[in-house]
>>> print(open('target-v8.txt').read())   # compact mmCIF, C-alpha atoms (C1' of nucleotides)
# COMPACT_ATOMS: atom_id res chain seq x y z
CA MET A 106 39.65 16.39 -2.96
CA PRO A 107 37.95 13.13 -1.95
CA ALA A 108 35.34 11.91 -4.34
CA ALA A 109 31.91 11.76 -2.70
CA ALA A 110 30.13 9.65 -5.26
CA PRO A 111 27.12 7.59 -4.20
CA ARG A 112 27.04 4.00 -5.23
CA ALA A 113 24.51 2.11 -7.26
CA ASP A 114 23.85 -0.57 -4.69
CA ASN A 115 22.56 1.99 -2.24
CA ARG A 116 19.49 0.61 -0.50
CA LEU A 117 18.43 3.87 1.06
CA PRO A 118 15.32 4.14 -1.13
CA LEU A 119 14.28 0.67 -0.05
CA VAL A 120 14.69 1.65 3.57
CA LEU A 121 12.52 4.72 3.17
CA ASP A 122 9.83 2.78 1.34
CA ALA A 123 9.79 0.03 3.96
CA ALA A 124 9.69 2.52 6.81
CA ALA A 125 6.86 4.45 5.19
CA ARG A 126 4.85 1.29 4.68
CA LEU A 127 5.34 0.02 8.20
CA PHE A 128 4.78 3.38 9.87
CA ARG A 129 1.51 3.63 7.97
CA GLU A 130 0.34 0.08 8.57
CA ARG A 131 1.25 -0.35 12.23
CA GLY A 132 2.23 3.06 13.51
CA TYR A 133 5.58 4.50 14.51
CA ALA A 134 5.97 3.20 18.04
CA VAL A 135 5.12 -0.40 17.22
CA THR A 136 7.47 -0.60 14.25
CA SER A 137 10.99 -1.65 15.16
CA MET A 138 14.21 -0.89 13.40
CA ARG A 139 14.59 -4.62 12.86
CA ASP A 140 11.25 -4.74 11.06
CA ILE A 141 12.31 -1.98 8.72
CA ALA A 142 15.70 -3.53 8.13
CA ALA A 143 14.25 -6.94 7.39
CA ASP A 144 11.90 -5.48 4.79
CA SER A 145 14.87 -3.81 3.15
CA GLY A 146 17.00 -6.95 3.14
CA MET A 147 19.35 -5.51 5.71
CA LEU A 148 20.21 -5.74 9.38
CA ALA A 149 19.13 -3.32 12.06
CA GLY A 150 22.55 -1.86 12.70
CA SER A 151 23.05 -1.01 9.05
CA LEU A 152 20.25 1.53 9.14
CA TYR A 153 22.45 3.76 11.25
CA TYR A 154 24.70 4.37 8.31
CA HIS A 155 21.87 6.37 6.77
CA PHE A 156 20.12 7.73 9.84
CA ALA A 157 21.40 8.73 13.25
CA SER A 158 18.27 7.52 15.00
CA LYS A 159 14.83 6.06 14.50
CA GLU A 160 13.37 9.49 14.93
CA ASP A 161 15.50 10.90 12.15
CA LEU A 162 14.23 8.16 9.90
CA LEU A 163 10.69 9.17 10.73
CA VAL A 164 11.44 12.80 9.95
CA ALA A 165 12.78 11.80 6.54
CA VAL A 166 9.67 9.79 5.73
CA TYR A 167 7.39 12.50 7.07
CA ALA A 168 9.13 15.20 5.06
CA GLU A 169 8.81 13.15 1.90
CA GLY A 170 5.12 12.73 2.64
CA VAL A 171 4.56 16.45 3.06
CA LYS A 172 6.51 17.04 -0.12
CA ARG A 173 4.26 14.75 -2.13
CA ILE A 174 1.02 16.15 -0.76
CA THR A 175 2.30 19.64 -1.37
CA ALA A 176 3.21 18.84 -4.95
CA ALA A 177 -0.21 17.37 -5.66
CA VAL A 178 -2.05 20.31 -4.15
CA GLU A 179 0.14 22.89 -5.82
CA GLU A 180 -0.71 21.41 -9.16
CA ALA A 181 -4.40 21.58 -8.34
CA LEU A 182 -3.99 25.21 -7.34
CA ARG A 183 -2.29 26.14 -10.60
CA ALA A 184 -5.08 24.92 -12.84
CA PRO A 185 -7.60 27.60 -13.81
CA GLY A 186 -11.20 27.66 -12.72
CA GLU A 187 -13.72 29.16 -10.37
CA PRO A 188 -12.63 29.30 -6.69
CA TRP A 189 -15.12 26.74 -5.40
CA GLU A 190 -14.24 24.43 -8.23
CA ARG A 191 -10.57 24.86 -7.50
CA LEU A 192 -11.11 24.13 -3.82
CA GLU A 193 -12.81 20.92 -4.79
CA ARG A 194 -9.83 19.92 -6.89
CA VAL A 195 -7.47 20.80 -4.06
CA CYS A 196 -9.44 18.59 -1.69
CA ALA A 197 -9.46 15.77 -4.19
CA ALA A 198 -5.70 16.05 -4.56
CA HIS A 199 -5.28 16.13 -0.80
CA LEU A 200 -7.42 13.05 -0.42
CA SER A 201 -5.65 11.17 -3.17
CA ALA A 202 -2.28 11.78 -1.60
CA LEU A 203 -3.77 10.70 1.70
CA LEU A 204 -5.65 7.60 0.75
CA ASP A 205 -4.45 6.19 -2.53
CA ASP A 206 -1.15 7.40 -3.77
CA SER A 207 1.49 6.03 -1.47
CA ASP A 208 2.43 5.27 2.09
CA TYR A 209 4.32 8.51 2.57
CA GLY A 210 1.29 10.75 2.52
CA GLN A 211 -0.60 8.54 4.93
CA VAL A 212 2.22 8.69 7.45
CA VAL A 213 1.77 12.46 7.69
CA ILE A 214 -1.78 11.99 8.92
CA ARG A 215 -1.32 8.80 10.85
CA VAL A 216 1.69 9.76 12.94
CA ARG A 217 0.97 12.45 15.51
CA PRO A 218 3.86 14.80 16.21
CA ASP A 219 3.15 14.53 19.94
CA ASP A 220 3.83 10.82 19.81
CA VAL A 221 7.50 11.51 19.18
CA PRO A 222 8.40 14.34 21.57
CA ASP A 223 12.00 14.76 20.47
CA VAL A 224 11.08 15.72 16.93
CA ALA A 225 7.53 16.91 17.52
CA ARG A 226 8.32 20.49 16.62
CA ARG A 227 9.93 19.64 13.30
CA LEU A 228 7.04 17.42 12.32
CA ALA A 229 4.52 20.08 13.30
CA GLU A 230 6.36 22.70 11.28
CA LEU A 231 6.39 20.48 8.24
CA ARG A 232 2.65 19.94 8.52
CA ASN A 233 1.93 23.60 9.20
CA GLY A 234 3.89 24.56 6.12
CA TYR A 235 1.54 22.50 4.04
CA GLU A 236 -1.58 23.73 5.75
CA ARG A 237 -0.70 27.28 4.86
CA LEU A 238 -0.82 26.18 1.27
CA PHE A 239 -4.23 24.65 1.77
CA ALA A 240 -5.41 27.87 3.36
CA ARG A 241 -4.77 29.72 0.12
CA ALA A 242 -7.54 27.78 -1.57
CA VAL A 243 -9.95 28.78 1.19
CA ASP A 244 -8.88 32.41 1.21
CA ALA A 245 -9.72 32.68 -2.46
CA LEU A 246 -13.38 31.85 -1.91
CA PRO A 247 -15.90 34.62 -2.55
CA LEU A 248 -17.45 34.77 0.91
CA ALA A 249 -19.19 37.44 2.90
CA ARG A 250 -16.78 39.63 4.79
CA LYS A 251 -17.90 38.33 8.15
CA ALA A 252 -17.63 34.69 7.09
CA ASP A 253 -15.39 32.58 9.30
CA ARG A 254 -12.71 31.38 6.94
CA ARG A 255 -10.71 29.79 9.71
CA ALA A 256 -13.60 27.61 10.81
CA LEU A 257 -14.24 26.60 7.24
CA ARG A 258 -10.63 25.64 6.74
CA LEU A 259 -10.40 23.69 9.97
CA MET A 260 -13.65 21.91 9.33
CA LEU A 261 -12.77 20.89 5.81
CA LEU A 262 -9.23 19.83 6.59
CA GLY A 263 -10.36 17.88 9.62
CA ALA A 264 -13.06 16.08 7.71
CA LEU A 265 -10.58 15.18 4.96
CA ASN A 266 -7.89 13.96 7.33
CA TRP A 267 -10.28 11.91 9.40
CA SER A 268 -11.42 10.08 6.29
CA GLN A 269 -8.40 7.87 6.74
CA THR A 270 -10.38 6.26 9.54
CA TRP A 271 -13.41 5.14 7.56
CA TYR A 272 -12.18 5.10 3.98
CA ARG A 273 -12.07 1.73 2.26
CA SER A 274 -10.65 1.70 -1.24
CA GLY A 275 -13.05 0.47 -3.85
CA GLN A 276 -16.11 2.24 -2.54
CA ASP A 277 -15.99 6.00 -2.94
CA SER A 278 -13.21 7.64 -4.88
CA PRO A 279 -11.30 10.52 -3.32
CA ALA A 280 -12.69 12.80 -6.01
CA ALA A 281 -16.27 11.81 -5.15
CA ILE A 282 -15.71 12.39 -1.45
CA ALA A 283 -14.14 15.76 -2.10
CA ARG A 284 -17.07 16.79 -4.27
CA ARG A 285 -19.62 15.83 -1.64
CA PHE A 286 -17.80 17.57 1.17
CA VAL A 287 -17.23 20.80 -0.71
CA ARG A 288 -20.83 20.91 -1.90
CA LEU A 289 -22.07 20.47 1.63
CA LEU A 290 -20.24 23.68 2.44
CA HIS A 291 -21.15 25.43 -0.78
CA GLY A 292 -24.73 24.82 0.17
CA SER A 293 -26.23 24.54 -3.29
CA THR A 294 -28.19 21.36 -2.73
CA LEU A 295 -29.19 21.65 0.90
CA MET B 1093 -21.11 -19.01 50.54
CA PRO B 1094 -17.88 -16.99 50.55
CA ALA B 1095 -18.34 -13.28 50.87
CA ALA B 1096 -17.17 -11.45 47.73
CA ALA B 1097 -17.06 -7.99 49.17
CA PRO B 1098 -14.79 -5.36 47.59
CA ARG B 1099 -12.55 -3.45 49.91
CA ALA B 1100 -12.30 0.26 50.56
CA ASP B 1101 -8.58 0.54 49.87
CA ASN B 1102 -9.07 -0.61 46.32
CA ARG B 1103 -6.89 1.49 44.02
CA LEU B 1104 -8.55 0.36 40.81
CA PRO B 1105 -10.08 3.81 40.19
CA LEU B 1106 -6.65 5.36 40.56
CA VAL B 1107 -5.25 2.92 38.06
CA LEU B 1108 -7.94 3.72 35.51
CA ASP B 1109 -7.47 7.46 35.95
CA ALA B 1110 -3.71 7.22 35.60
CA ALA B 1111 -3.97 5.00 32.55
CA ALA B 1112 -6.47 7.34 30.92
CA ARG B 1113 -4.26 10.32 31.56
CA LEU B 1114 -1.11 8.68 30.23
CA PHE B 1115 -2.78 7.08 27.22
CA ARG B 1116 -4.13 10.50 26.31
CA GLU B 1117 -0.93 12.43 26.92
CA ARG B 1118 1.62 10.10 25.38
CA GLY B 1119 -0.32 7.45 23.54
CA TYR B 1120 -0.88 3.78 24.25
CA ALA B 1121 2.28 2.22 22.89
CA VAL B 1122 4.66 4.61 24.61
CA THR B 1123 3.00 4.25 28.00
CA SER B 1124 4.38 1.38 30.06
CA MET B 1125 2.68 -0.58 32.78
CA ARG B 1126 5.35 0.72 35.14
CA ASP B 1127 4.38 4.30 34.31
CA ILE B 1128 0.76 3.60 35.10
CA ALA B 1129 1.62 1.76 38.29
CA ALA B 1130 3.92 4.53 39.50
CA ASP B 1131 1.21 7.13 39.01
CA SER B 1132 -1.15 4.97 41.04
CA GLY B 1133 1.32 4.42 43.85
CA MET B 1134 1.70 0.77 42.97
CA LEU B 1135 4.11 -1.61 41.29
CA ALA B 1136 3.80 -2.94 37.81
CA GLY B 1137 2.99 -6.50 38.77
CA SER B 1138 0.12 -5.41 40.97
CA LEU B 1139 -1.83 -4.17 37.99
CA TYR B 1140 -2.35 -7.75 36.94
CA TYR B 1141 -4.60 -8.32 39.87
CA HIS B 1142 -7.12 -6.05 38.16
CA PHE B 1143 -6.35 -6.67 34.49
CA ALA B 1144 -5.09 -9.70 32.66
CA SER B 1145 -3.06 -7.62 30.22
CA LYS B 1146 -2.17 -4.12 29.14
CA GLU B 1147 -4.65 -4.44 26.31
CA ASP B 1148 -7.46 -5.28 28.70
CA LEU B 1149 -6.64 -2.17 30.66
CA LEU B 1150 -6.92 -0.13 27.49
CA VAL B 1151 -10.29 -1.66 26.70
CA ALA B 1152 -11.56 -0.70 30.14
CA VAL B 1153 -10.43 2.90 29.73
CA TYR B 1154 -11.78 3.06 26.19
CA ALA B 1155 -15.15 1.68 27.23
CA GLU B 1156 -15.43 4.22 30.00
CA GLY B 1157 -14.62 6.96 27.50
CA VAL B 1158 -17.33 5.81 25.11
CA LYS B 1159 -19.74 5.60 28.02
CA ARG B 1160 -19.12 9.20 29.02
CA ILE B 1161 -19.39 10.59 25.52
CA THR B 1162 -22.56 8.59 24.99
CA ALA B 1163 -24.09 9.90 28.20
CA ALA B 1164 -23.33 13.51 27.29
CA VAL B 1165 -24.74 13.16 23.79
CA GLU B 1166 -27.83 11.29 24.93
CA GLU B 1167 -28.64 14.12 27.24
CA ALA B 1168 -28.27 16.60 24.40
CA LEU B 1169 -30.56 14.46 22.28
CA ARG B 1170 -33.28 14.36 24.92
CA ALA B 1171 -33.65 18.10 25.22
CA PRO B 1172 -36.35 19.60 23.01
CA GLY B 1173 -35.75 21.90 20.09
CA GLU B 1174 -35.52 22.21 16.35
CA PRO B 1175 -33.41 19.49 14.63
CA TRP B 1176 -30.57 21.79 13.55
CA GLU B 1177 -30.46 23.30 16.98
CA ARG B 1178 -30.36 19.89 18.56
CA LEU B 1179 -27.56 18.79 16.24
CA GLU B 1180 -25.59 21.80 17.37
CA ARG B 1181 -26.07 20.81 20.99
CA VAL B 1182 -25.06 17.24 20.21
CA CYS B 1183 -21.88 18.47 18.59
CA ALA B 1184 -21.13 20.72 21.51
CA ALA B 1185 -21.57 17.81 23.90
CA HIS B 1186 -19.38 15.62 21.73
CA LEU B 1187 -16.68 18.27 21.69
CA SER B 1188 -16.86 18.87 25.40
CA ALA B 1189 -16.38 15.22 26.16
CA LEU B 1190 -13.52 15.20 23.68
CA LEU B 1191 -11.64 18.30 24.64
CA ASP B 1192 -12.50 19.43 28.12
CA ASP B 1193 -14.22 16.96 30.34
CA SER B 1194 -11.73 14.27 31.12
CA ASP B 1195 -8.99 12.06 29.79
CA TYR B 1196 -11.29 9.15 29.09
CA GLY B 1197 -13.10 10.78 26.20
CA GLN B 1198 -9.88 11.89 24.59
CA VAL B 1199 -8.50 8.38 24.65
CA VAL B 1200 -11.35 7.24 22.41
CA ILE B 1201 -10.22 9.63 19.71
CA ARG B 1202 -6.52 9.49 20.31
CA VAL B 1203 -6.02 5.72 20.33
CA ARG B 1204 -6.59 4.08 17.00
CA PRO B 1205 -8.05 0.60 17.15
CA ASP B 1206 -5.58 -0.56 14.51
CA ASP B 1207 -2.70 0.31 16.78
CA VAL B 1208 -3.67 -2.56 19.07
CA PRO B 1209 -4.47 -5.46 16.77
CA ASP B 1210 -5.48 -7.94 19.44
CA VAL B 1211 -8.39 -5.83 20.66
CA ALA B 1212 -8.96 -3.73 17.55
CA ARG B 1213 -12.36 -5.23 16.87
CA ARG B 1214 -13.70 -4.58 20.34
CA LEU B 1215 -12.52 -1.00 20.29
CA ALA B 1216 -14.03 -0.44 16.87
CA GLU B 1217 -17.35 -1.88 17.99
CA LEU B 1218 -17.43 0.39 21.00
CA ARG B 1219 -16.80 3.40 18.81
CA ASN B 1220 -19.32 2.31 16.19
CA GLY B 1221 -21.93 1.92 18.85
CA TYR B 1222 -21.55 5.53 19.74
CA GLU B 1223 -21.47 6.73 16.16
CA ARG B 1224 -24.86 5.16 15.56
CA LEU B 1225 -26.15 7.39 18.29
CA PHE B 1226 -24.61 10.43 16.64
CA ALA B 1227 -26.20 9.42 13.35
CA ARG B 1228 -29.64 9.81 14.89
CA ALA B 1229 -29.11 13.53 15.21
CA VAL B 1230 -28.23 13.74 11.54
CA ASP B 1231 -31.10 11.56 10.41
CA ALA B 1232 -33.55 13.90 12.10
CA LEU B 1233 -32.55 16.84 9.93
CA PRO B 1234 -35.12 18.17 7.45
CA LEU B 1235 -33.12 17.68 4.27
CA ALA B 1236 -34.05 17.17 0.66
CA ARG B 1237 -34.67 13.54 -0.18
CA LYS B 1238 -31.58 13.25 -2.33
CA ALA B 1239 -29.34 14.85 0.29
CA ASP B 1240 -26.32 12.77 1.27
CA ARG B 1241 -26.81 12.22 4.98
CA ARG B 1242 -23.87 9.85 5.21
CA ALA B 1243 -21.47 12.42 3.82
CA LEU B 1244 -22.82 15.02 6.17
CA ARG B 1245 -22.37 12.73 9.14
CA LEU B 1246 -18.85 11.71 8.18
CA MET B 1247 -17.83 15.26 7.47
CA LEU B 1248 -19.15 16.63 10.72
CA LEU B 1249 -17.83 13.83 12.88
CA GLY B 1250 -14.43 13.97 11.23
CA ALA B 1251 -14.17 17.70 11.68
CA LEU B 1252 -15.13 17.38 15.33
CA ASN B 1253 -12.72 14.56 16.07
CA TRP B 1254 -9.83 16.20 14.30
CA SER B 1255 -10.27 19.28 16.44
CA GLN B 1256 -8.22 17.48 19.07
CA THR B 1257 -5.24 18.28 16.86
CA TRP B 1258 -5.54 22.05 16.82
CA TYR B 1259 -7.68 22.83 19.85
CA ARG B 1260 -6.04 24.78 22.63
CA SER B 1261 -8.13 25.36 25.71
CA GLY B 1262 -8.73 29.00 26.47
CA GLN B 1263 -9.34 30.14 22.94
CA ASP B 1264 -12.58 28.88 21.45
CA SER B 1265 -15.06 27.01 23.58
CA PRO B 1266 -16.42 23.68 22.38
CA ALA B 1267 -19.85 25.26 22.13
CA ALA B 1268 -18.54 28.04 19.89
CA ILE B 1269 -16.76 25.59 17.63
CA ALA B 1270 -19.85 23.43 17.36
CA ARG B 1271 -21.98 26.43 16.45
CA ARG B 1272 -19.62 27.54 13.70
CA PHE B 1273 -19.30 24.09 12.20
CA VAL B 1274 -23.02 23.38 12.18
CA ARG B 1275 -23.83 26.77 10.70
CA LEU B 1276 -21.33 26.21 7.92
CA LEU B 1277 -23.40 23.19 6.99
CA HIS B 1278 -26.73 24.81 7.61
CA GLY B 1279 -25.67 27.43 5.12
CA SER B 1280 -27.60 30.35 6.48
CA THR B 1281 -24.77 32.84 6.47
CA LEU B 1282 -22.79 31.78 3.44
C1' DT C 961 -11.75 -12.91 67.41
C1' DG C 962 -10.93 -16.08 63.89
C1' DG C 963 -10.80 -17.01 59.17
C1' DA C 964 -10.81 -16.03 54.39
C1' DA C 965 -10.80 -13.50 50.58
C1' DA C 966 -9.08 -9.14 48.59
C1' DA C 967 -5.36 -6.33 47.35
C1' DC C 968 -0.91 -5.72 46.85
C1' DC C 969 4.37 -6.62 47.03
C1' DT C 970 8.70 -9.04 45.79
C1' DA C 971 11.58 -10.67 42.62
C1' DA C 972 12.48 -12.27 38.73
C1' DC C 973 11.88 -14.33 33.88
C1' DG C 974 12.48 -14.10 28.88
C1' DC C 975 12.27 -11.11 25.30
C1' DT C 976 12.66 -7.02 22.47
C1' DT C 977 14.25 -2.57 21.93
C1' DG C 978 17.37 1.30 20.01
C1' DT C 979 22.01 1.81 19.47
C1' DT C 980 27.16 1.18 18.87
C1' DA C 981 32.09 -0.26 17.93
C1' DG C 982 34.75 -2.46 14.94
C1' DG C 983 35.43 -5.24 10.95
C1' DT C 984 34.58 -6.29 5.72
C1' DA C 985 33.46 -6.25 0.94
C1' DT C 986 32.24 -3.63 -2.95
C1' DA C 987 32.25 -0.02 -6.25
C1' DG C 988 34.10 3.96 -8.47
C1' DT C 989 38.25 7.03 -9.37
C1' DC C 990 42.98 8.01 -10.79
C1' DG D 1383 45.42 -1.98 -10.75
C1' DA D 1384 46.12 0.41 -6.27
C1' DC D 1385 43.36 3.21 -3.33
C1' DT D 1386 39.61 5.17 -0.85
C1' DA D 1387 35.27 6.25 0.51
C1' DT D 1388 30.86 3.87 0.41
C1' DA D 1389 27.69 0.70 2.12
C1' DC D 1390 26.92 -2.83 4.81
C1' DC D 1391 27.66 -6.86 8.31
C1' DT D 1392 28.80 -8.86 12.89
C1' DA D 1393 28.14 -9.05 17.46
C1' DA D 1394 26.98 -7.31 21.29
C1' DC D 1395 25.48 -3.87 24.90
C1' DA D 1396 22.39 -1.90 28.44
C1' DA D 1397 17.90 -0.80 29.26
C1' DG D 1398 13.23 -1.40 29.19
C1' DC D 1399 9.24 -4.17 28.18
C1' DG D 1400 4.94 -7.17 29.51
C1' DT D 1401 4.15 -10.72 32.41
C1' DT D 1402 4.18 -14.31 36.25
C1' DA D 1403 4.68 -17.24 40.52
C1' DG D 1404 4.59 -17.07 45.11
C1' DG D 1405 4.54 -14.65 49.42
C1' DT D 1406 2.51 -10.84 52.55
C1' DT D 1407 -0.53 -7.66 54.44
C1' DT D 1408 -4.89 -5.68 55.04
C1' DT D 1409 -9.78 -5.45 55.36
C1' DC D 1410 -14.18 -7.28 55.96
C1' DC D 1411 -17.69 -10.54 57.75
C1' DA D 1412 -19.48 -13.94 60.87
>>> encode(input="target-v8.txt", output="structure tokens")
Amino acid sequence: MPAAAPRADNRLPLVLDAAARLFRERGYAVTSMRDIAADSGMLAGSLYYHFASKEDLLVAVYAEGVKRITAAVEEALRAPGEPWERLERVCAAHLSALLDDSDYGQVVIRVRPDDVPDVARRLAELRNGYERLFARAVDALPLARKADRRALRLMLLGALNWSQTWYRSGQDSPAAIARRFVRLLHGSTL
Amino acid sequence: MPAAAPRADNRLPLVLDAAARLFRERGYAVTSMRDIAADSGMLAGSLYYHFASKEDLLVAVYAEGVKRITAAVEEALRAPGEPWERLERVCAAHLSALLDDSDYGQVVIRVRPDDVPDVARRLAELRNGYERLFARAVDALPLARKADRRALRLMLLGALNWSQTWYRSGQDSPAAIARRFVRLLHGSTL
DNA sequence: TGGAAAACCTAACGCTTGTTAGGTATAGTC
DNA sequence: GACTATACCTAACAAGCGTTAGGTTTTCCA
């Protein structure tokens, strides 16, 4: 049978990194395949050896982003502790993956599925998959039966995701932001 | 002196409406001048009688959006009532302008200033101007001295703005969402 | 009713875009 | 050391983009 061995000079990782960085910095629509190729030391046409289209490249970056956020949050969920404390750690992990860690996580928040109609569904499914994980941390909270867990989840997640708009590294740390937000909901200091 | 009278067949309002609708539906980068012109019953070149560039057109739409949101929130601020109650009304007005009222308000949230570098500063200033107004509703709250008003403002505004992502008209009304969010922070039922 | 500005059309420019067909060198396997 | 799939380059395509110069019609005012 034919040997299907990858080679060492494969620049696919470079392509993904460059795409993630540019999608995050400028947005998907404004970034051209030539931009990505140039940052990878390649030419535009060569990208089509790895991806069938620009949209497929986005899906790959997006999926990697979801994967990283998921991994960070899953780790925060595993650690022991009281439910509110664990939620705070989950939010801190979410924020870290969103603001500090890498370009991949930021792409997941920055790029709207609707902006790329042809793959909008796949992107939305990827994001929804993660949000179900986040919901677990909210469901574990000891709340009154009539409490609106959905509203709490949507509010918290929205506030976290929007932080990409105003966050400037060097001021508040993701952990500090997460603590403040969760305590506003916990209502101990109000 | 020469008469500078505008004419009745002026299609500028149509152009603004079409641009607002398309910028909201598809995003700024994906929308072409030809799309906007076609929806206004005109040709692409004709748009340049009203606007010097595509970016200028965006600024006009964006400014109108900020104006409408501001008007709605100012009205909510004028009405009498207890501070928490007034904040709830402000949030409801903000959400209405964002989700229901028109395309203009949605453009303000949907289009990121960074996506359009040449006019990013002007867009950001427009948005900041409004957010200072929103801050007044938060500053009026009777909180403990050490309470973090900035975090509360950022959390609430982020949660509201992000609602554009998951909101589907027909389910929850903006007023209902605003009430739930504000009460989560007020902490009376938790 | 004449004149002039307002509002738009026509037609095209130069450029960038995503994408492709076909050729080439390199690396790993037998 | 021949062979083959891998990984990329070359060169170009058609289509769409924002924008512009110059001409044409329409509306308003005096």
>>> atom_distance(input="target-v8.txt", atom1="atom CA of A:Ala242", atom2="atom CA of A:Leu290")
13.9 Å
>>> atom_distance(input="target-v8.txt", atom1="atom CA of A:Trp189", atom2="atom CA of A:Leu265")
16.2 Å
>>> axis_aligned_box(input="target-v8.txt", around="stretch 969-983 of chain C", padding_each_side="4 Å", output="JSON")
{"center_x": 19.9, "center_y": -6.3, "center_z": 29.0, "size_x": 39.1, "size_y": 24.1, "size_z": 44.1}
>>> residues_around(input="target-v8.txt", residues="stretch 1398-1402 of chain D", least_positions_apart="4", cutoff="12 Å", atoms="all atoms listed in the file", output="JSON, numbers by chain")
{"B": [1121, 1122, 1123, 1124, 1125, 1126, 1127, 1136, 1137, 1138, 1139, 1140, 1141, 1143, 1144, 1145, 1146, 1147], "C": [970, 971, 972, 973, 974, 975, 976, 977, 978]}
>>> atom_distance(input="target-v8.txt", atom1="atom CA of B:Tyr1120", atom2="atom CA of B:Ala1216")
15.7 Å
>>> interface_residues(input="target-v8.txt", of="chain D", to="chain A", cutoff="8 Å", atoms="only C-alpha atoms (C1' of nucleotides)", output="MDAnalysis selection string")
chainID D and resid 1387:1391
>>> interface_residues(input="target-v8.txt", of="chain B", to="chain A", cutoff="6 Å", atoms="only C-alpha atoms", output="compact mmCIF listing (two decimals) with C-alpha atoms, in the coordinates of the input")
# COMPACT_ATOMS: atom_id res chain seq x y z
CA MET B 1247 -17.83 15.26 7.47
CA GLY B 1250 -14.43 13.97 11.23
CA ALA B 1251 -14.17 17.70 11.68
CA TRP B 1254 -9.83 16.20 14.30
CA LEU B 1277 -23.40 23.19 6.99
CA GLY B 1279 -25.67 27.43 5.12
>>> interface_residues(input="target-v8.txt", of="chain C", to="chain B", cutoff="8 Å", atoms="only C-alpha atoms (C1' of nucleotides)", output="VMD selection string")
chain C and resid 965 to 969
>>> closest_residue(input="target-v8.txt", among="B:Val1182, B:Arg1170, B:Asp1231, B:Arg1242", to="A:Asp277", atoms="all atoms listed in the file")
B:Arg1242
>>> residues_around(input="target-v8.txt", residues="A:Asp206", least_positions_apart="4", cutoff="12 Å", atoms="all atoms listed in the file", output="PyMOL selection string")
chain A and resi 170+173-174+177+197-202+210-212+274+279
>>> write_last_selection(input="target-v8.txt", atoms="C-alpha atoms", output="compact mmCIF listing (two decimals), keeping the file's coordinate frame")
# COMPACT_ATOMS: atom_id res chain seq x y z
CA GLY A 170 5.12 12.73 2.64
CA ARG A 173 4.26 14.75 -2.13
CA ILE A 174 1.02 16.15 -0.76
CA ALA A 177 -0.21 17.37 -5.66
CA ALA A 197 -9.46 15.77 -4.19
CA ALA A 198 -5.70 16.05 -4.56
CA HIS A 199 -5.28 16.13 -0.80
CA LEU A 200 -7.42 13.05 -0.42
CA SER A 201 -5.65 11.17 -3.17
CA ALA A 202 -2.28 11.78 -1.60
CA GLY A 210 1.29 10.75 2.52
CA GLN A 211 -0.60 8.54 4.93
CA VAL A 212 2.22 8.69 7.45
CA SER A 274 -10.65 1.70 -1.24
CA PRO A 279 -11.30 10.52 -3.32
>>> residues_around(input="target-v8.txt", residues="A:Glu236", least_positions_apart="3", cutoff="10 Å", atoms="all atoms listed in the file", output="list in words")
Val171, Thr175, Glu230, Leu231, Arg232, Asn233, Phe239, Ala240, Arg241, Arg258, Leu259 and Leu262 of chain A
>>> decode(input="target-v8.txt", residues="stretch 166-190 of chain A", atoms="C-alpha atoms", output="PDB file, in the first residue's frame")
ATOM      1  CA  VAL A 166      -8.904  27.674  13.160  1.00  0.00           C
ATOM      2  CA  TYR A 167     -12.276  28.032  14.843  1.00  0.00           C
ATOM      3  CA  ALA A 168     -12.362  24.371  15.833  1.00  0.00           C
ATOM      4  CA  GLU A 169      -8.907  24.621  17.327  1.00  0.00           C
ATOM      5  CA  GLY A 170     -10.046  27.651  19.292  1.00  0.00           C
ATOM      6  CA  VAL A 171     -13.066  25.856  20.699  1.00  0.00           C
ATOM      7  CA  LYS A 172     -10.852  22.915  21.547  1.00  0.00           C
ATOM      8  CA  ARG A 173      -8.486  25.062  23.579  1.00  0.00           C
ATOM      9  CA  ILE A 174     -11.204  26.894  25.466  1.00  0.00           C
ATOM     10  CA  THR A 175     -12.908  23.606  26.169  1.00  0.00           C
ATOM     11  CA  ALA A 176      -9.720  22.078  27.501  1.00  0.00           C
ATOM     12  CA  ALA A 177      -9.092  25.004  29.824  1.00  0.00           C
ATOM     13  CA  VAL A 178     -12.625  24.995  31.181  1.00  0.00           C
ATOM     14  CA  GLU A 179     -12.742  21.240  31.591  1.00  0.00           C
ATOM     15  CA  GLU A 180      -9.689  21.423  33.766  1.00  0.00           C
ATOM     16  CA  ALA A 181     -11.310  24.107  35.886  1.00  0.00           C
ATOM     17  CA  LEU A 182     -14.402  21.949  36.232  1.00  0.00           C
ATOM     18  CA  ARG A 183     -12.435  18.940  37.411  1.00  0.00           C
ATOM     19  CA  ALA A 184     -10.796  20.680  40.343  1.00  0.00           C
ATOM     20  CA  PRO A 185     -12.660  20.305  43.631  1.00  0.00           C
ATOM     21  CA  GLY A 186     -14.354  23.105  45.482  1.00  0.00           C
ATOM     22  CA  GLU A 187     -17.618  24.786  46.282  1.00  0.00           C
ATOM     23  CA  PRO A 188     -19.905  25.425  43.258  1.00  0.00           C
ATOM     24  CA  TRP A 189     -19.621  29.216  43.298  1.00  0.00           C
ATOM     25  CA  GLU A 190     -15.886  28.954  43.660  1.00  0.00           C
TER      26      GLU A 190
END
